[in-house]
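The structure under discussion appears below in the form of structure tokens.
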Amino acid sequence: MKRNEIYIIHGTDYRDMTKRLLAEADLAGQIRETAKGKKDPFIGLKPNLVNASDPSMGATTHGELLEGALEYLLEQGFTNLAVMEGSWVGETTGRALKAAGYEAVLKRLGVPFFDLQRDSAHDHDAAGMTLKVCDLPLKADFMINMPVLKGHCQTQITCALKNNKGTIPNSEKRRFHTMGLHKPIAHLNTVVRNDFILVDNICGDLDFEEGGNPVPMDRILAFADPVLCDAFVCDAMGIPADRVPYIAMAERLGVGRADLSAARIHTLNQPAARRASLRRKGRIDALSRYIDERDACSACFGSLIHALNRLDEDGLLKRGMEKRPIAIGQGWQGKAGETGVGRCTGCFKCSLKGCPPRASEILEFLKEHWL
Ligand code: SF4
């Protein structure tokens, strides 16, 4: 997989999707190339276990991604594997591990888990900043970063670059906040490895790291460049990348490139239909009042939710607009209407193409044609 490539897979069988995605992206080939002749390189997997919550709440990485990734690696002959993470300050990693349901998977596959809150740590020169980083992640020959694509109340988004905050001790996490987060996050990524990024875009939270308002998207993504990953995440959530300063900072430090125009996107299948079992609640339910959905795919509906959330944040959603809702979904195919999002509403007076369209595109479209 090249640095400018992005792989996307849709669906609801997350374990099998993960295995297919990793095979298509040739993760095994990339590991062999990076580990340069090491027979059984030490591979670290770093999920997001920020707090003790079920992954369906939108905060933590789904166990099925871990299971799919570990099965793929073992089938490819890699046995020197370790899963590692340190939860946020105020949570114990052990509780988060239980809540995410990883223990049975790790036991079945015989892969150890390391709590980085208990790991030793040392100071490192991170491109001019001295930062304390846990020892174990830096021993890995290859690191697989497994963040959740989600919103964040301070940094707007969190994905690849910020997920590495789990590789520093709690004392350093506290210090990061006193330094304003952006600069230390960017510098941290000059020290820790980001060899492969496997993104959980199943139902990451709308705007909070700790979850509570999951936005179902039913997608898994793969990147080789964490900066490109986070630039893509901004686009997928309708947030201009310059509102997330650590992305440009990391790019200036040589961590990666944020240029989405140069990205080669491989979409492996069609978006998945929304799960009937999903209940809308809280903010998602409130934003759904502006939507007339008929069998929309998860990725399409989720992108529209993100775009509406941006309009709401800017104070542009007004009472009464729900009386002329935005149509979305396969049930609108061949039907006429006023304003619709996605290829399925192509017969509408005003329709945004795309399957699914991105939140940034939807946002511009709604500003021009719906507000
Ligand atoms: S345009 Fe239609 S088929 Fe495509 S993602 Fe949206 S709802 Fe699904």
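Residue numbering restarts at 1 in every chain; chains get A, B, ... in the order shown in the structure tokens, and ligands count up from 1 in that same order.
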* Asked: Using only C-alpha atoms, which residues sit within 9 Å of Gly334 (chain A) once same-chain residues fewer than 3 positions away are excluded, as a count of residues only?
  -> 6
* Contact residues around region 8-23 of chain A with only C-alpha atoms at 7 Å, ignoring same-chain residues under 6 positions, as a PyMOL selection string -> chain A and resi 64-65+67-69+72+218-222+266-272
Near Val83 (chain A), counting only C-alpha atoms, which residues have an atom at most 7 Å away, once you skip same-chain residues fewer than 4 positions from it, shown as an mmCIF file with N, CA, C and O atoms, in the first residue's frame?
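Contents of around12.cif, as written:
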data_model
loop_
_atom_site.group_PDB
_atom_site.id
_atom_site.type_symbol
_atom_site.label_atom_id
_atom_site.label_comp_id
_atom_site.auth_asym_id
_atom_site.auth_seq_id
_atom_site.Cartn_x
_atom_site.Cartn_y
_atom_site.Cartn_z
ATOM 1 N N GLY A 44 2.919 -4.532 16.832
ATOM 2 C CA GLY A 44 2.040 -3.973 17.851
ATOM 3 C C GLY A 44 0.732 -3.496 17.244
ATOM 4 O O GLY A 44 0.717 -2.959 16.129
ATOM 5 N N LEU A 45 -0.365 -3.725 17.950
ATOM 6 C CA LEU A 45 -1.671 -3.216 17.509
ATOM 7 C C LEU A 45 -2.193 -2.296 18.597
ATOM 8 O O LEU A 45 -2.251 -2.680 19.773
ATOM 9 N N LYS A 46 -2.542 -1.068 18.209
ATOM 10 C CA LYS A 46 -2.929 -0.048 19.198
ATOM 11 C C LYS A 46 -4.363 0.408 18.920
ATOM 12 O O LYS A 46 -4.609 1.300 18.110
ATOM 13 N N PRO A 112 -1.099 -11.589 23.613
ATOM 14 C CA PRO A 112 -1.077 -10.847 24.886
ATOM 15 C C PRO A 112 -1.542 -9.398 24.727
ATOM 16 O O PRO A 112 -1.444 -8.797 23.654
ATOM 17 N N PHE A 113 -2.047 -8.875 25.855
ATOM 18 C CA PHE A 113 -2.425 -7.455 25.917
ATOM 19 C C PHE A 113 -1.539 -6.763 26.945
ATOM 20 O O PHE A 113 -1.300 -7.294 28.033
ATOM 21 N N PHE A 114 -1.074 -5.560 26.640
ATOM 22 C CA PHE A 114 -0.229 -4.795 27.560
ATOM 23 C C PHE A 114 -0.888 -3.452 27.877
ATOM 24 O O PHE A 114 -1.269 -2.706 26.957
#
* If you count only C-alpha atoms and all ligand atoms, which residues end up within 7 Å of ligand 1, as a ChimeraX atom specification? -> /A:271,273,295-297,299-300,328-330,342-344,354-356
Just write the chosen residues, N, CA and C atoms, as a short mmCIF file (atom, residue, chain, number, x, y, z; two decimals), in the first residue's frame.
data_model
loop_
_atom_site.label_atom_id
_atom_site.label_comp_id
_atom_site.auth_asym_id
_atom_site.auth_seq_id
_atom_site.Cartn_x
_atom_site.Cartn_y
_atom_site.Cartn_z
N PRO A 271 -21.88 0.80 -0.49
CA PRO A 271 -22.28 1.06 0.89
C PRO A 271 -23.33 0.06 1.37
N ALA A 273 -26.66 -1.23 3.59
CA ALA A 273 -27.96 -0.71 4.04
C ALA A 273 -27.91 -0.50 5.55
N ASP A 295 -34.74 3.90 3.23
CA ASP A 295 -33.72 2.86 2.97
C ASP A 295 -32.36 3.44 2.61
N ALA A 296 -31.89 4.37 3.39
CA ALA A 296 -30.57 4.96 3.11
C ALA A 296 -29.47 4.02 3.59
N CYS A 297 -28.35 4.05 2.89
CA CYS A 297 -27.17 3.30 3.34
C CYS A 297 -26.55 4.05 4.52
N ALA A 299 -23.44 4.84 5.31
CA ALA A 299 -22.41 5.84 5.03
C ALA A 299 -23.05 7.13 4.50
N CYS A 300 -24.14 6.98 3.73
CA CYS A 300 -24.83 8.15 3.16
C CYS A 300 -25.52 8.93 4.29
N ILE A 328 -33.19 11.21 1.29
CA ILE A 328 -31.99 10.37 1.14
C ILE A 328 -32.40 8.92 1.16
N GLY A 329 -31.75 8.10 0.34
CA GLY A 329 -31.98 6.67 0.42
C GLY A 329 -32.43 6.02 -0.88
N GLN A 330 -32.26 4.71 -0.90
CA GLN A 330 -32.55 3.95 -2.12
C GLN A 330 -34.05 3.94 -2.44
N GLY A 342 -27.43 12.29 -2.63
CA GLY A 342 -27.01 10.97 -3.08
C GLY A 342 -27.62 10.61 -4.44
N ARG A 343 -26.90 9.74 -5.12
CA ARG A 343 -27.29 9.29 -6.46
C ARG A 343 -28.74 8.82 -6.53
N CYS A 344 -29.24 8.24 -5.45
CA CYS A 344 -30.60 7.69 -5.45
C CYS A 344 -31.67 8.77 -5.62
N GLY A 354 -23.29 11.38 -6.03
CA GLY A 354 -22.35 10.72 -5.13
C GLY A 354 -22.97 9.50 -4.50
N CYS A 355 -22.14 8.52 -4.23
CA CYS A 355 -22.66 7.26 -3.67
C CYS A 355 -21.61 6.61 -2.79
N PRO A 356 -21.49 7.03 -1.55
CA PRO A 356 -22.21 8.14 -0.91
C PRO A 356 -21.43 9.44 -1.10
#
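Running DSSP on the backbone and keeping only strand (DSSP E), the residues of region 7-122 of chain A that qualify are Tyr7, Ile8, Ile9, His10, Ile43, Gly44, Leu45, Lys46, Pro47, Leu81, Ala82, Val83, Met84, Glu85, Phe113, Phe114, Asp115, Ala121 and His122 of chain A.
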With all heavy atoms retained, export the selected residues as a compact mmCIF listing (two decimals), in the first residue's frame.
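Below you can see out_14.txt, which holds the result:
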# COMPACT_ATOMS: atom_id res chain seq x y z
N TYR A 7 -7.97 2.73 1.39
CA TYR A 7 -8.88 1.61 1.11
C TYR A 7 -10.13 1.76 1.97
O TYR A 7 -10.05 2.09 3.16
CB TYR A 7 -8.19 0.27 1.42
CG TYR A 7 -7.22 -0.16 0.34
CD1 TYR A 7 -5.96 0.42 0.24
CD2 TYR A 7 -7.59 -1.12 -0.60
CE1 TYR A 7 -5.08 0.04 -0.76
CE2 TYR A 7 -6.71 -1.51 -1.61
CZ TYR A 7 -5.46 -0.92 -1.68
OH TYR A 7 -4.59 -1.30 -2.68
N ILE A 8 -11.29 1.50 1.34
CA ILE A 8 -12.57 1.64 2.04
C ILE A 8 -13.41 0.39 1.81
O ILE A 8 -13.53 -0.07 0.67
CB ILE A 8 -13.35 2.87 1.51
CG1 ILE A 8 -12.54 4.15 1.68
CG2 ILE A 8 -14.72 2.99 2.21
CD1 ILE A 8 -13.19 5.39 1.09
N ILE A 9 -13.98 -0.14 2.87
CA ILE A 9 -14.91 -1.26 2.72
C ILE A 9 -16.15 -0.99 3.57
O ILE A 9 -16.05 -0.45 4.68
CB ILE A 9 -14.22 -2.61 3.10
CG1 ILE A 9 -15.10 -3.78 2.67
CG2 ILE A 9 -13.89 -2.70 4.57
CD1 ILE A 9 -14.35 -5.11 2.60
N HIS A 10 -17.32 -1.33 3.02
CA HIS A 10 -18.59 -1.13 3.70
C HIS A 10 -19.17 -2.48 4.11
O HIS A 10 -18.90 -3.49 3.47
CB HIS A 10 -19.62 -0.45 2.78
CG HIS A 10 -19.21 0.88 2.26
ND1 HIS A 10 -18.52 1.04 1.08
CD2 HIS A 10 -19.39 2.12 2.74
CE1 HIS A 10 -18.30 2.33 0.86
NE2 HIS A 10 -18.82 3.01 1.85
N ILE A 43 5.03 -7.14 16.08
CA ILE A 43 3.96 -6.28 15.54
C ILE A 43 3.06 -5.82 16.69
O ILE A 43 2.51 -6.64 17.42
CB ILE A 43 3.12 -7.03 14.48
CG1 ILE A 43 4.04 -7.50 13.33
CG2 ILE A 43 2.01 -6.13 13.94
CD1 ILE A 43 3.36 -8.47 12.38
N GLY A 44 2.92 -4.53 16.83
CA GLY A 44 2.04 -3.97 17.85
C GLY A 44 0.73 -3.50 17.24
O GLY A 44 0.72 -2.96 16.13
N LEU A 45 -0.37 -3.72 17.95
CA LEU A 45 -1.67 -3.22 17.51
C LEU A 45 -2.19 -2.30 18.60
O LEU A 45 -2.25 -2.68 19.77
CB LEU A 45 -2.67 -4.36 17.28
CG LEU A 45 -2.30 -5.34 16.16
CD1 LEU A 45 -1.58 -6.56 16.73
CD2 LEU A 45 -3.54 -5.78 15.39
N LYS A 46 -2.54 -1.07 18.21
CA LYS A 46 -2.93 -0.05 19.20
C LYS A 46 -4.36 0.41 18.92
O LYS A 46 -4.61 1.30 18.11
CB LYS A 46 -1.93 1.12 19.10
CG LYS A 46 -2.39 2.48 19.60
CD LYS A 46 -2.59 2.51 21.10
CE LYS A 46 -3.03 3.91 21.54
NZ LYS A 46 -4.48 4.15 21.40
N PRO A 47 -5.35 -0.25 19.57
CA PRO A 47 -6.75 0.19 19.39
C PRO A 47 -7.02 1.45 20.22
O PRO A 47 -6.14 1.94 20.92
CB PRO A 47 -7.54 -1.00 19.93
CG PRO A 47 -6.64 -1.62 20.94
CD PRO A 47 -5.22 -1.36 20.51
N LEU A 81 3.00 -11.03 18.18
CA LEU A 81 2.00 -9.95 18.17
C LEU A 81 1.71 -9.48 19.59
O LEU A 81 1.75 -10.28 20.53
CB LEU A 81 0.68 -10.45 17.55
CG LEU A 81 0.77 -11.22 16.23
CD1 LEU A 81 -0.61 -11.74 15.83
CD2 LEU A 81 1.31 -10.32 15.13
N ALA A 82 1.36 -8.22 19.73
CA ALA A 82 0.95 -7.69 21.04
C ALA A 82 -0.05 -6.57 20.83
O ALA A 82 0.15 -5.70 19.96
CB ALA A 82 2.15 -7.18 21.81
N VAL A 83 -1.13 -6.61 21.61
CA VAL A 83 -2.10 -5.51 21.60
C VAL A 83 -1.76 -4.63 22.79
O VAL A 83 -1.47 -5.14 23.87
CB VAL A 83 -3.54 -6.06 21.71
CG1 VAL A 83 -4.56 -4.92 21.67
CG2 VAL A 83 -3.81 -7.06 20.59
N MET A 84 -1.76 -3.33 22.59
CA MET A 84 -1.34 -2.42 23.67
C MET A 84 -2.15 -1.13 23.66
O MET A 84 -2.53 -0.63 22.60
CB MET A 84 0.16 -2.12 23.54
CG MET A 84 0.56 -1.55 22.21
SD MET A 84 2.37 -1.44 22.03
CE MET A 84 2.79 -3.09 21.48
N GLU A 85 -2.43 -0.62 24.83
CA GLU A 85 -3.19 0.63 24.94
C GLU A 85 -3.15 1.13 26.37
O GLU A 85 -3.02 0.33 27.32
CB GLU A 85 -4.65 0.38 24.48
CG GLU A 85 -5.68 1.44 24.85
CD GLU A 85 -5.49 2.79 24.14
OE1 GLU A 85 -4.33 3.22 23.98
OE2 GLU A 85 -6.51 3.41 23.79
N PHE A 113 -2.05 -8.87 25.86
CA PHE A 113 -2.42 -7.46 25.92
C PHE A 113 -1.54 -6.76 26.94
O PHE A 113 -1.30 -7.29 28.03
CB PHE A 113 -3.89 -7.30 26.33
CG PHE A 113 -4.32 -5.86 26.42
CD1 PHE A 113 -4.78 -5.19 25.30
CD2 PHE A 113 -4.24 -5.17 27.63
CE1 PHE A 113 -5.15 -3.85 25.38
CE2 PHE A 113 -4.60 -3.84 27.72
CZ PHE A 113 -5.07 -3.18 26.58
N PHE A 114 -1.07 -5.56 26.64
CA PHE A 114 -0.23 -4.79 27.56
C PHE A 114 -0.89 -3.45 27.88
O PHE A 114 -1.27 -2.71 26.96
CB PHE A 114 1.16 -4.57 26.94
CG PHE A 114 1.93 -5.84 26.77
CD1 PHE A 114 1.87 -6.55 25.57
CD2 PHE A 114 2.68 -6.37 27.82
CE1 PHE A 114 2.56 -7.75 25.41
CE2 PHE A 114 3.37 -7.58 27.66
CZ PHE A 114 3.31 -8.26 26.47
N ASP A 115 -1.01 -3.21 29.17
CA ASP A 115 -1.59 -1.95 29.65
C ASP A 115 -0.49 -0.90 29.68
O ASP A 115 0.41 -0.96 30.53
CB ASP A 115 -2.18 -2.21 31.05
CG ASP A 115 -2.77 -0.94 31.66
OD1 ASP A 115 -2.65 0.13 31.05
OD2 ASP A 115 -3.33 -1.05 32.77
N ALA A 121 8.48 4.32 30.85
CA ALA A 121 8.50 5.36 29.80
C ALA A 121 9.78 6.18 29.92
O ALA A 121 10.36 6.28 31.00
CB ALA A 121 7.27 6.26 29.96
N HIS A 122 10.20 6.74 28.80
CA HIS A 122 11.41 7.57 28.80
C HIS A 122 11.19 8.81 27.95
O HIS A 122 10.31 8.85 27.07
CB HIS A 122 12.60 6.76 28.24
CG HIS A 122 13.09 5.73 29.20
ND1 HIS A 122 12.62 4.44 29.20
CD2 HIS A 122 13.99 5.82 30.22
CE1 HIS A 122 13.21 3.76 30.17
NE2 HIS A 122 14.04 4.58 30.81
* To do: Would you kindly return, as a ChimeraX atom specification, each protein, DNA or RNA residue with an atom no farther than 8 Å from any atom of Leu304 (chain A), considering only C-alpha atoms and excluding same-chain residues fewer than 3 positions away?
  => /A:300-301,307-308,341,359,362
* Counting only C-alpha atoms, what is within 8 Å of region 279-293 of chain A, bar same-chain residues fewer than 3 positions away, as a PyMOL selection string? -> chain A and resi 213-215+296+305+308-309+321-329
* To do: Find the residues near Val227 (chain A): any atom within 6 Å, counting only C-alpha atoms, skip ones fewer than 4 places away on the same chain, and give them as a PyMOL selection string.
  => chain A and resi 256-258
* Which polymer residues have any atom within 12 Å of an atom of Leu181 (chain A), counting only C-alpha atoms, with same-chain residues fewer than 5 positions away left out, as JSON, numbers by chain? -> {"A": [152, 154, 155, 156, 158, 161, 162, 165, 172, 173, 174, 175, 176, 186, 187, 188, 244, 245, 246, 247, 249]}
* May I have all residues of region 122-365 of chain A that DSSP, computed from the backbone, assigns to helix (DSSP H, G or I), given as a ChimeraX atom specification? => /A:135-139,160-167,170-178,182-188,226-237,241-243,245-252,260-262,282-288,298-313,321-323,330-332,343-345,359-365
* In Å, rounded to a single decimal, give me how far CA of Arg32 (chain A) is from CA of Val192 (chain A). =>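 Going from CA of Val192 (chain A) over to CA of Arg32 (chain A), I get 19.1 Å.
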* **Atom-to-atom span, CA of Phe142 (chain A) and CA of Ala241 (chain A), Å** =>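 Atom-to-atom, CA of Phe142 (chain A) and CA of Ala241 (chain A) are spaced 27.7 Å apart.
Counting only C-alpha atoms, the residue from A:Gly337, A:Gly86, A:Gly77, A:Pro137 that sits nearest to Leu49 (chain A) is A:Gly86.
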